[in-house]
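Engineer: Pasting structure-v3.pdb below, which is PDB, C-alpha atoms.
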MODEL        1
ATOM      1  CA  MET A1045      75.505  93.955  67.860
ATOM      2  CA  ASN A1046      73.656  94.000  71.145
ATOM      3  CA  PRO A1047      73.691  97.633  72.385
ATOM      4  CA  ASN A1048      74.182  96.265  75.903
ATOM      5  CA  SER A1049      77.526  94.750  74.936
ATOM      6  CA  LYS A1050      80.577  96.131  76.719
ATOM      7  CA  PRO A1051      83.410  97.263  74.408
ATOM      8  CA  ASP A1052      87.088  96.985  75.232
ATOM      9  CA  LEU A1053      88.578 100.364  76.118
ATOM     10  CA  LEU A1054      92.009 101.629  75.130
ATOM     11  CA  ASP A1055      93.512 104.670  76.821
ATOM     12  CA  VAL A1056      95.227 107.236  74.562
ATOM     13  CA  THR A1057      96.214 109.808  77.197
ATOM     14  CA  LEU A1058      99.963 109.541  76.648
ATOM     15  CA  ARG A1059      99.881 109.449  72.846
ATOM     16  CA  ASP A1060      96.926 111.615  71.761
ATOM     17  CA  GLY A1061      96.943 113.659  74.957
ATOM     18  CA  GLY A1062     100.601 114.307  74.246
ATOM     19  CA  TYR A1063      99.565 116.762  71.546
ATOM     20  CA  VAL A1064      98.483 119.119  74.335
ATOM     21  CA  ASN A1065     101.869 119.265  76.090
ATOM     22  CA  GLY A1066     104.220 118.450  73.212
ATOM     23  CA  HIS A1067     104.577 114.855  74.444
ATOM     24  CA  SER A1068     106.605 116.179  77.343
ATOM     25  CA  TRP A1069     105.418 113.571  79.850
ATOM     26  CA  ALA A1070     108.275 112.601  82.142
ATOM     27  CA  THR A1071     108.678 108.869  82.580
ATOM     28  CA  HIS A1072     107.388 109.031  86.159
ATOM     29  CA  GLU A1073     104.280 110.861  84.890
ATOM     30  CA  ALA A1074     103.736 108.197  82.256
ATOM     31  CA  GLN A1075     104.060 105.549  84.962
ATOM     32  CA  ALA A1076     101.420 107.301  87.083
ATOM     33  CA  ILE A1077      99.003 107.412  84.157
ATOM     34  CA  VAL A1078      99.592 103.754  83.318
ATOM     35  CA  ARG A1079      99.007 102.822  86.974
ATOM     36  CA  ALA A1080      95.743 104.778  87.065
ATOM     37  CA  ILE A1081      94.503 103.108  83.882
ATOM     38  CA  GLY A1082      95.529  99.707  85.184
ATOM     39  CA  GLY A1083      93.735 100.329  88.465
ATOM     40  CA  SER A1084      90.565 101.201  86.579
ATOM     41  CA  GLY A1085      90.526  97.837  84.813
ATOM     42  CA  VAL A1086      90.872  99.298  81.302
ATOM     43  CA  PRO A1087      92.675  96.548  79.363
ATOM     44  CA  TYR A1088      94.966  98.589  77.073
ATOM     45  CA  VAL A1089      97.028 101.769  77.329
ATOM     46  CA  GLU A1090      98.703 103.333  74.326
ATOM     47  CA  VAL A1091     102.008 104.760  75.544
ATOM     48  CA  GLY A1092     103.125 106.831  72.548
ATOM     49  CA  TYR A1093     104.387 106.879  68.986
ATOM     50  CA  LEU A1094     107.084 104.420  67.939
ATOM     51  CA  ARG A1095     109.718 106.417  66.056
ATOM     52  CA  ASP A1096     113.396 105.927  65.226
ATOM     53  CA  THR A1097     114.312 109.509  66.133
ATOM     54  CA  ALA A1098     114.311 109.944  69.889
ATOM     55  CA  VAL A1099     113.494 113.372  71.324
ATOM     56  CA  PRO A1100     115.126 114.173  74.678
ATOM     57  CA  ARG A1101     112.658 114.565  77.559
ATOM     58  CA  ARG A1102     109.771 113.528  75.286
ATOM     59  CA  PRO A1103     109.734 109.728  75.569
ATOM     60  CA  SER A1104     106.098 109.271  74.481
ATOM     61  CA  ALA A1105     107.002 110.897  71.145
ATOM     62  CA  SER A1106     109.262 107.981  70.186
ATOM     63  CA  CYS A1107     108.934 105.172  72.785
ATOM     64  CA  PRO A1108     112.651 104.441  73.314
ATOM     65  CA  PRO A1109     113.479 101.049  74.836
ATOM     66  CA  ASP A1110     114.223 102.353  78.331
ATOM     67  CA  TYR A1111     110.855 104.133  78.437
ATOM     68  CA  LEU A1112     108.988 100.993  77.376
ATOM     69  CA  ASP A1113     110.918  98.930  79.913
ATOM     70  CA  ALA A1114     110.062 101.378  82.720
ATOM     71  CA  LEU A1115     106.361 101.017  81.937
ATOM     72  CA  ALA A1116     106.552  97.273  81.420
ATOM     73  CA  ALA A1117     108.089  96.882  84.888
ATOM     74  CA  LEU A1118     104.951  98.210  86.593
ATOM     75  CA  THR A1119     102.802  95.671  88.369
ATOM     76  CA  ASP A1120      99.045  95.382  87.794
ATOM     77  CA  ARG A1121      99.265  97.445  84.628
ATOM     78  CA  PRO A1122      97.192  97.129  81.469
ATOM     79  CA  ARG A1123      98.632  95.741  78.265
ATOM     80  CA  LEU A1124     100.891  98.198  76.448
ATOM     81  CA  ALA A1125     100.234  99.453  72.928
ATOM     82  CA  VAL A1126     102.192 101.775  70.639
ATOM     83  CA  MET A1127     101.195 103.763  67.571
ATOM     84  CA  VAL A1128     103.183 103.137  64.382
ATOM     85  CA  ARG A1129     103.141 105.662  61.543
ATOM     86  CA  PRO A1130     104.645 104.040  58.425
ATOM     87  CA  GLY A1131     107.814 105.756  57.308
ATOM     88  CA  GLU A1132     108.731 107.102  60.742
ATOM     89  CA  VAL A1133     110.184 103.925  62.188
ATOM     90  CA  SER A1134     112.090 100.913  60.902
ATOM     91  CA  VAL A1135     110.281  97.611  60.633
ATOM     92  CA  SER A1136     112.924  96.062  62.891
ATOM     93  CA  ARG A1137     111.762  98.246  65.799
ATOM     94  CA  VAL A1138     108.302  96.729  65.492
ATOM     95  CA  ALA A1139     109.765  93.233  65.605
ATOM     96  CA  ASP A1140     111.580  94.134  68.855
ATOM     97  CA  LEU A1141     108.455  95.250  70.723
ATOM     98  CA  PRO A1142     107.632  91.924  72.424
ATOM     99  CA  GLY A1143     111.052  92.101  74.092
ATOM    100  CA  HIS A1144     109.788  95.194  75.913
ATOM    101  CA  ASP A1145     106.483  93.530  76.832
ATOM    102  CA  VAL A1146     104.435  95.560  74.362
ATOM    103  CA  SER A1147     101.296  93.646  73.384
ATOM    104  CA  MET A1148      99.742  95.684  70.562
ATOM    105  CA  ALA A1149     100.926  97.646  67.553
ATOM    106  CA  ARG A1150      98.463 100.152  66.104
ATOM    107  CA  VAL A1151      99.414 100.977  62.536
ATOM    108  CA  LEU A1152      98.134 104.198  60.963
ATOM    109  CA  VAL A1153      96.522 104.032  57.540
ATOM    110  CA  SER A1154      96.318 107.465  55.943
ATOM    111  CA  GLY A1155      94.056 108.057  52.964
ATOM    112  CA  GLY A1156      92.661 104.539  53.027
ATOM    113  CA  SER A1157      95.750 103.009  51.393
ATOM    114  CA  VAL A1158      97.285 100.047  53.205
ATOM    115  CA  ALA A1159     100.355  99.589  50.987
ATOM    116  CA  LYS A1160     102.747 101.520  53.249
ATOM    117  CA  ALA A1161     101.322  99.857  56.341
ATOM    118  CA  GLU A1162     101.543  96.257  55.147
ATOM    119  CA  PRO A1163     105.246  95.604  56.031
ATOM    120  CA  TYR A1164     104.651  96.835  59.568
ATOM    121  CA  VAL A1165     101.571  94.668  59.947
ATOM    122  CA  ALA A1166     103.492  91.631  58.717
ATOM    123  CA  ALA A1167     106.349  92.289  61.138
ATOM    124  CA  ALA A1168     103.990  92.780  64.057
ATOM    125  CA  ARG A1169     102.057  89.607  63.272
ATOM    126  CA  ALA A1170     105.294  87.630  62.930
ATOM    127  CA  ALA A1171     106.398  88.938  66.332
ATOM    128  CA  GLY A1172     103.166  87.727  67.932
ATOM    129  CA  LEU A1173     101.718  91.180  68.589
ATOM    130  CA  THR A1174      98.043  92.010  68.373
ATOM    131  CA  VAL A1175      97.746  94.246  65.309
ATOM    132  CA  ALA A1176      95.255  97.071  64.967
ATOM    133  CA  MET A1177      95.057  99.336  61.928
ATOM    134  CA  ASN A1178      93.690 102.864  62.303
ATOM    135  CA  LEU A1179      91.872 104.435  59.366
ATOM    136  CA  THR A1180      92.348 108.172  59.845
ATOM    137  CA  ARG A1181      90.110 111.089  58.818
ATOM    138  CA  VAL A1182      87.088 108.905  58.159
ATOM    139  CA  SER A1183      84.876 111.996  58.045
ATOM    140  CA  GLU A1184      86.483 112.662  54.655
ATOM    141  CA  ARG A1185      85.570 109.185  53.317
ATOM    142  CA  THR A1186      82.407 107.686  51.900
ATOM    143  CA  GLU A1187      80.876 104.555  53.371
ATOM    144  CA  THR A1188      81.995 102.632  50.285
ATOM    145  CA  GLU A1189      85.573 103.836  50.722
ATOM    146  CA  ILE A1190      85.511 102.895  54.396
ATOM    147  CA  ALA A1191      84.194  99.413  53.603
ATOM    148  CA  GLN A1192      86.895  98.904  50.962
ATOM    149  CA  ALA A1193      89.663 100.118  53.264
ATOM    150  CA  THR A1194      88.390  97.950  56.123
ATOM    151  CA  ARG A1195      88.447  94.858  53.902
ATOM    152  CA  ALA A1196      91.953  95.746  52.720
ATOM    153  CA  CYS A1197      93.162  96.035  56.314
ATOM    154  CA  ALA A1198      91.665  92.663  57.186
ATOM    155  CA  ASP A1199      93.244  91.107  54.080
ATOM    156  CA  VAL A1200      96.765  92.170  55.107
ATOM    157  CA  GLY A1201      96.362  90.808  58.632
ATOM    158  CA  ALA A1202      94.710  93.398  60.864
ATOM    159  CA  GLN A1203      93.037  91.832  63.889
ATOM    160  CA  LEU A1204      91.199  95.060  64.716
ATOM    161  CA  VAL A1205      90.344  98.028  62.478
ATOM    162  CA  TYR A1206      89.689 101.425  64.050
ATOM    163  CA  LEU A1207      87.729 104.217  62.406
ATOM    164  CA  ALA A1208      89.244 107.480  63.619
ATOM    165  CA  ASP A1209      87.221 110.702  63.655
ATOM    166  CA  SER A1210      90.496 112.609  63.335
ATOM    167  CA  ASN A1211      88.824 115.910  62.456
ATOM    168  CA  GLY A1212      86.168 115.663  65.174
ATOM    169  CA  SER A1213      83.456 116.233  62.572
ATOM    170  CA  LEU A1214      81.194 113.190  62.827
ATOM    171  CA  ASP A1215      77.655 113.055  64.194
ATOM    172  CA  PRO A1216      75.846 109.975  65.554
ATOM    173  CA  GLU A1217      73.989 109.256  62.318
ATOM    174  CA  THR A1218      77.202 109.283  60.286
ATOM    175  CA  VAL A1219      79.013 107.179  62.887
ATOM    176  CA  THR A1220      76.214 104.616  62.729
ATOM    177  CA  ALA A1221      76.450 104.462  58.941
ATOM    178  CA  GLN A1222      80.238 104.306  58.790
ATOM    179  CA  VAL A1223      80.688 101.735  61.545
ATOM    180  CA  GLY A1224      77.837  99.714  60.063
ATOM    181  CA  ALA A1225      79.570  99.734  56.663
ATOM    182  CA  ALA A1226      82.837  98.584  58.231
ATOM    183  CA  VAL A1227      81.151  95.831  60.244
ATOM    184  CA  ALA A1228      79.331  94.583  57.151
ATOM    185  CA  ALA A1229      82.561  94.527  55.153
ATOM    186  CA  THR A1230      84.510  92.057  57.318
ATOM    187  CA  THR A1231      84.404  89.727  60.291
ATOM    188  CA  THR A1232      87.421  91.548  61.755
ATOM    189  CA  PRO A1233      86.447  93.505  64.890
ATOM    190  CA  ILE A1234      85.866  97.234  64.450
ATOM    191  CA  GLY A1235      86.944  99.975  66.848
ATOM    192  CA  PHE A1236      86.161 103.681  67.048
ATOM    193  CA  HIS A1237      88.394 106.637  67.960
ATOM    194  CA  PRO A1238      86.227 109.703  68.717
ATOM    195  CA  HIS A1239      87.194 113.362  69.039
ATOM    196  CA  ASP A1240      85.122 115.921  70.896
ATOM    197  CA  ASN A1241      85.339 119.079  68.769
ATOM    198  CA  LEU A1242      81.547 119.299  68.597
ATOM    199  CA  GLY A1243      80.836 117.853  72.045
ATOM    200  CA  LEU A1244      79.672 114.584  70.478
ATOM    201  CA  ALA A1245      82.428 112.150  71.483
ATOM    202  CA  PHE A1246      80.311 110.301  74.057
ATOM    203  CA  ILE A1247      77.139 110.035  71.994
ATOM    204  CA  ASN A1248      79.209 109.106  68.943
ATOM    205  CA  ALA A1249      80.900 106.360  70.950
ATOM    206  CA  LYS A1250      77.495 105.034  72.009
ATOM    207  CA  ALA A1251      76.367 105.086  68.369
ATOM    208  CA  ALA A1252      79.504 103.199  67.342
ATOM    209  CA  ILE A1253      78.920 100.522  69.981
ATOM    210  CA  THR A1254      75.306 100.077  68.926
ATOM    211  CA  ALA A1255      76.411  99.809  65.289
ATOM    212  CA  GLY A1256      78.846  97.024  66.125
ATOM    213  CA  ALA A1257      82.133  98.537  67.334
ATOM    214  CA  THR A1258      83.799  96.368  69.963
ATOM    215  CA  ALA A1259      86.653  98.698  70.960
ATOM    216  CA  ILE A1260      86.622 102.380  71.942
ATOM    217  CA  ASP A1261      89.454 104.878  72.544
ATOM    218  CA  ALA A1262      89.365 107.482  75.322
ATOM    219  CA  SER A1263      91.722 109.604  77.408
ATOM    220  CA  ILE A1264      91.790 110.915  80.953
ATOM    221  CA  ALA A1265      89.763 114.153  81.055
ATOM    222  CA  GLY A1266      89.477 113.882  77.275
ATOM    223  CA  ILE A1267      92.870 115.489  76.700
ATOM    224  CA  GLY A1268      94.008 115.234  73.107
ATOM    225  CA  LYS A1269      94.508 117.123  69.889
ATOM    226  CA  GLY A1270      91.885 119.441  68.435
ATOM    227  CA  GLY A1271      88.794 119.351  70.629
ATOM    228  CA  GLY A1272      90.146 116.485  72.686
ATOM    229  CA  ASN A1273      89.031 112.884  72.973
ATOM    230  CA  LEU A1274      86.228 110.969  74.618
ATOM    231  CA  ARG A1275      86.662 111.388  78.378
ATOM    232  CA  MET A1276      87.767 108.110  79.901
ATOM    233  CA  GLU A1277      85.974 108.815  83.178
ATOM    234  CA  VAL A1278      82.684 109.343  81.334
ATOM    235  CA  ILE A1279      82.805 106.127  79.306
ATOM    236  CA  VAL A1280      84.048 104.134  82.324
ATOM    237  CA  ALA A1281      81.221 105.456  84.528
ATOM    238  CA  HIS A1282      78.701 104.795  81.743
ATOM    239  CA  LEU A1283      79.831 101.205  81.337
ATOM    240  CA  ILE A1284      79.720 100.639  85.107
ATOM    241  CA  VAL A1285      76.260 102.168  85.600
ATOM    242  CA  ARG A1286      74.521 101.064  82.404
ATOM    243  CA  HIS A1287      76.286  97.828  81.566
ATOM    244  CA  GLY A1288      77.586  96.436  84.860
ATOM    245  CA  ALA A1289      81.183  96.524  83.643
ATOM    246  CA  GLY A1290      83.853  95.387  86.080
ATOM    247  CA  LEU A1291      85.703  98.702  85.921
ATOM    248  CA  ARG A1292      86.645 101.254  88.581
ATOM    249  CA  LEU A1293      86.420 105.042  88.364
ATOM    250  CA  ASP A1294      88.392 105.993  91.503
ATOM    251  CA  PRO A1295      91.940 105.414  90.151
ATOM    252  CA  ILE A1296      91.289 107.718  87.177
ATOM    253  CA  ALA A1297      89.442 110.381  89.172
ATOM    254  CA  ALA A1298      92.104 110.454  91.894
ATOM    255  CA  ASP A1299      95.118 110.799  89.600
ATOM    256  CA  GLN A1300      96.278 114.403  89.123
ATOM    257  CA  THR A1301      99.083 113.817  86.643
ATOM    258  CA  THR A1302      97.152 115.327  83.747
ATOM    259  CA  LEU A1303      95.981 118.499  85.530
ATOM    260  CA  ALA A1304      98.512 120.761  83.782
ATOM    261  CA  ALA A1305      97.435 119.442  80.389
ATOM    262  CA  GLN A1306      93.772 119.898  81.336
ATOM    263  CA  LEU A1307      94.411 123.520  82.308
ATOM    264  CA  ARG A1308      96.257 124.136  79.070
ATOM    265  CA  MET A1309      93.304 122.833  77.065
ATOM    266  CA  LEU A1310      90.967 125.061  79.095
ATOM    267  CA  ALA A1311      93.155 128.127  78.629
ATOM    268  CA  GLU A1312      93.397 127.642  74.880
ATOM    269  CA  GLY A1313      89.596 127.455  74.636
ATOM    270  CA  ASN A1314      87.291 125.415  72.456
ATOM    271  CA  THR A1315      86.075 127.883  69.832
ATOM    272  CA  LYS A1316      88.732 126.962  67.283
ATOM    273  CA  ALA A1317      88.203 123.242  67.884
ATOM    274  CA  VAL A1318      84.444 123.562  67.381
ATOM    275  CA  LEU A1319      84.891 125.458  64.136
ATOM    276  CA  THR A1320      87.537 123.116  62.714
ATOM    277  CA  GLY A1321      85.178 120.257  63.541
ATOM    278  CA  LEU A1322      82.317 121.933  61.709
ATOM    279  CA  LEU A1323      84.581 122.665  58.732
ATOM    280  CA  ASP A1324      85.972 119.073  58.781
ATOM    281  CA  LEU A1325      89.591 120.241  58.836
ATOM    282  CA  ASN A1326      92.553 117.961  59.485
ATOM    283  CA  LEU A1327      95.683 119.158  61.309
ATOM    284  CA  ASP A1328      97.142 120.823  58.210
ATOM    285  CA  GLY A1329      93.864 122.551  57.413
ATOM    286  CA  ALA A1330      93.455 123.540  61.051
ATOM    287  CA  ALA A1331      96.878 125.219  61.039
ATOM    288  CA  GLU A1332      95.836 127.281  58.021
ATOM    289  CA  PHE A1333      92.576 128.118  59.783
ATOM    290  CA  TYR A1334      94.393 129.324  62.902
ATOM    291  CA  ASP A1335      96.666 131.546  60.793
ATOM    292  CA  MET A1336      93.679 133.055  58.989
ATOM    293  CA  VAL A1337      91.835 133.671  62.278
ATOM    294  CA  ALA A1338      94.878 135.483  63.631
ATOM    295  CA  ALA A1339      94.965 137.689  60.535
ATOM    296  CA  ASN A1340      91.275 138.205  59.777
ATOM    297  CA  GLY A1341      89.157 137.120  62.740
ATOM    298  CA  TYR A1342      86.628 134.279  62.936
ATOM    299  CA  ASP A1343      83.847 135.637  60.743
ATOM    300  CA  ALA A1344      85.891 136.286  57.616
ATOM    301  CA  THR A1345      87.779 133.007  58.039
ATOM    302  CA  ILE A1346      84.604 130.936  58.396
ATOM    303  CA  LEU A1347      83.094 132.497  55.282
ATOM    304  CA  THR A1348      86.300 131.920  53.314
ATOM    305  CA  MET A1349      86.917 128.327  54.350
ATOM    306  CA  SER A1350      83.307 127.147  54.279
ATOM    307  CA  GLY A1351      83.103 128.218  50.631
ATOM    308  CA  ARG A1352      86.102 126.191  49.526
TER     309      ARG A1352
ENDMDL
END
Mind turning this structure into structure tokens?

Structural biologist:
Amino acid sequence: MNPNSKPDLLDVTLRDGGYVNGHSWATHEAQAIVRAIGGSGVPYVEVGYLRDTAVPRRPSASCPPDYLDALAALTDRPRLAVMVRPGEVSVSRVADLPGHDVSMARVLVSGGSVAKAEPYVAAARAAGLTVAMNLTRVSERTETEIAQATRACADVGAQLVYLADSNGSLDPETVTAQVGAAVAATTTPIGFHPHDNLGLAFINAKAAITAGATAIDASIAGIGKGGGNLRMEVIVAHLIVRHGAGLRLDPIAADQTTLAAQLRMLAEGNTKAVLTGLLDLNLDGAAEFYDMVAANGYDATILTMSGR
């Protein structure tokens, strides 16, 4: 791929950034974020997880119909996307999404197995949705495994396959190799979902683009689980300055809806996120790490977990 190519951006502030505040965005806050993303010219915004079990006052945790309708009613907004985790929502909910003006379903693929995801992909395709499949925890996979999983996703109908650095452990060289393996495995477009545990989200995103990724995830101020995500304002400014992209930075920079979440991330600090990134720990492993740090301190915990 030409390194000067401009990837499509997808905003994950409401869904991934929701890990910071327990997905407690009020609907009017979600609307403000969607407006800011739309004003910037970013084409897609992911508005939450699609789940059957609704949680009061946490609409982005389940995307109930009235929440989706409130976002769909906004003018000059980007296209709406939702995240689907197989087993947490009925297939019929996926089929209903076009009625709420949702354009994309992103289906999680854990462990590289597409079997649980396939019914959701089929339902989304039948409903006329754009279907992306997200391969999680790719830092735990070999290039061969990633290539095989990418082909499997394409075979069941994915129109876009994302490689997700869920643990925030990748470096540019590994991103180049993994994205290159995925691109070589299929003609289906490849996307990249970076995390910033090690401060490498931006350079990893650039490496992914150069290696052939045509879609990149980011969030306002980088809010998100672990060490956070790629900062949307950074990638937007980069694409404007270096690639002449028809995007705007002002709507994102001016919006203050995420300030509380940004302060919470700052207050909680980055030391744990950096170390879980270095140790390549997923959420379950990170929880164990945090418990051990509380009991034994950083030094003993690092020595224990790095020797596993």

Engineer: How many Å separate CA of Pro1051 in chain A from CA of Ala1259 in chain A?

Structural biologist: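 CA of Ala1259 in chain A lies 4.9 Å from CA of Pro1051 in chain A.
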
Engineer: State, in Å with one decimal place, the distance from CA of Val1318 in chain A to CA of Asn1248 in chain A.

Structural biologist: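 Between CA of Val1318 in chain A and CA of Asn1248 in chain A the gap is 15.5 Å.
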
Engineer: Could you give me, as a short mmCIF file (atom, residue, chain, number, x, y, z; two decimals) with C-alpha atoms, in the frame of the given file, the residues within 10 Å of Leu1207 in chain A, counting all atoms listed in the file and dropping anything in the same chain fewer than 3 positions from it?

Structural biologist:
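Output file part.cif is given in full below:
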data_model
loop_
_atom_site.label_atom_id
_atom_site.label_comp_id
_atom_site.auth_asym_id
_atom_site.auth_seq_id
_atom_site.Cartn_x
_atom_site.Cartn_y
_atom_site.Cartn_z
CA MET A 1177 95.06 99.34 61.93
CA ASN A 1178 93.69 102.86 62.30
CA LEU A 1179 91.87 104.44 59.37
CA THR A 1180 92.35 108.17 59.84
CA ARG A 1181 90.11 111.09 58.82
CA VAL A 1182 87.09 108.90 58.16
CA SER A 1183 84.88 112.00 58.04
CA ILE A 1190 85.51 102.90 54.40
CA THR A 1194 88.39 97.95 56.12
CA SER A 1210 90.50 112.61 63.34
CA VAL A 1219 79.01 107.18 62.89
CA GLN A 1222 80.24 104.31 58.79
CA VAL A 1223 80.69 101.74 61.54
CA ALA A 1226 82.84 98.58 58.23
CA ILE A 1234 85.87 97.23 64.45
CA GLY A 1235 86.94 99.98 66.85
CA PHE A 1236 86.16 103.68 67.05
CA HIS A 1237 88.39 106.64 67.96
CA PRO A 1238 86.23 109.70 68.72
CA ALA A 1252 79.50 103.20 67.34
CA ALA A 1257 82.13 98.54 67.33
CA ILE A 1260 86.62 102.38 71.94
#

Engineer: Can you tell me which residues surround Gln1203 in chain A at a distance of at most 12 Å, considering all atoms listed in the file, apart from same-chain residues fewer than 6 positions away, and format the answer as a list in words?

Structural biologist: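 In the requested form, the answer reads Met1148, Ala1149, Arg1150, Val1151, Val1165, Ala1166, Ala1168, Arg1169, Gly1172, Leu1173, Thr1174, Val1175, Ala1176, Met1177, Asn1178, Thr1194, Arg1195, Ala1196, Cys1197, Thr1230, Thr1231, Thr1232, Pro1233, Ile1234, Gly1235, Thr1258 and Ala1259 of chain A.
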
Engineer: Counting only C-alpha atoms, what is within 9 Å of range 1321-1323 of chain A, bar same-chain residues fewer than 5 positions away, as a PyMOL selection string?

Structural biologist: chain A and resi 1211-1214+1240-1242+1270-1271+1316+1346+1349-1350

Engineer: Pick out the closest residue to Ile1081 in chain A from this set: A:Ala1191, A:Ile1296, A:Ala1139, A:Ile1253. Count only C-alpha atoms.

Structural biologist: A:Ile1296

Engineer: Set the distance at 8 Å and use all atoms listed in the file: which residues neighbour Ala1076 in chain A once local chain neighbours fewer than 4 positions away are removed? I'd like the list as a ChimeraX atom specification.

Structural biologist: /A:1072,1080,1299,1301

Engineer: Please tell me which residues are no farther than 12 Å from (84.9, 105.1, 90.3) in the file, counting all atoms listed in the file, and write them as an MDAnalysis selection string.

Structural biologist: chainID A and resid 1080:1081 1083:1085 1276:1285 1289:1299

Engineer: In terms of the shortest atom-to-atom distance over only C-alpha atoms, which of A:Asn1273, A:Thr1220, A:Gln1300, A:Ser1136 is closest to Glu1073 in chain A?

Structural biologist: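 Distance minimum relative to Glu1073 in chain A lands on A:Gln1300.
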
Engineer: When distances are computed from all atoms listed in the file, which of A:Arg1129, A:Arg1308, A:His1144, A:Arg1286 shows the smallest separation from Pro1163 in chain A?

Structural biologist: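 The closest residue to Pro1163 in chain A is A:Arg1129.
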
Engineer: List the residues matched by the PyMOL selection byres ((chain A and resi 1114-1125) around 8) in the displayed structure as a list in words, ordered by chain and then by residue number.

Structural biologist: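 Answer for the PyMOL selection byres ((chain A and resi 1114-1125) around 8): Thr1071, Ala1074, Gln1075, Val1078, Arg1079, Ile1081, Gly1082, Gly1083, Gly1085, Val1086, Pro1087, Tyr1088, Val1089, Glu1090, Val1091, Gly1092, Asp1110, Tyr1111, Leu1112, Asp1113, Val1126, Met1127, His1144, Asp1145, Val1146, Ser1147, Met1148, Ala1149 and Arg1150 of chain A.
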
Engineer: Find the axis-aligned box for range 1257-1268 of chain A, covering all its listed atoms and adding 8 Å on each side, and write its centre and edge lengths in Å to one decimal as AutoDock Vina command-line options.

Structural biologist:
--center_x 88.1 --center_y 105.9 --center_z 74.2 --size_x 27.9 --size_y 35.1 --size_z 29.7

Engineer: Starting from the PyMOL selection byres ((chain A and resi 1094-1101) around 9), expand the selection into actual residues of this file and give them as a PyMOL selection string.

Structural biologist: chain A and resi 1067-1071+1092-1093+1102-1108+1126-1129+1131-1134+1137-1138
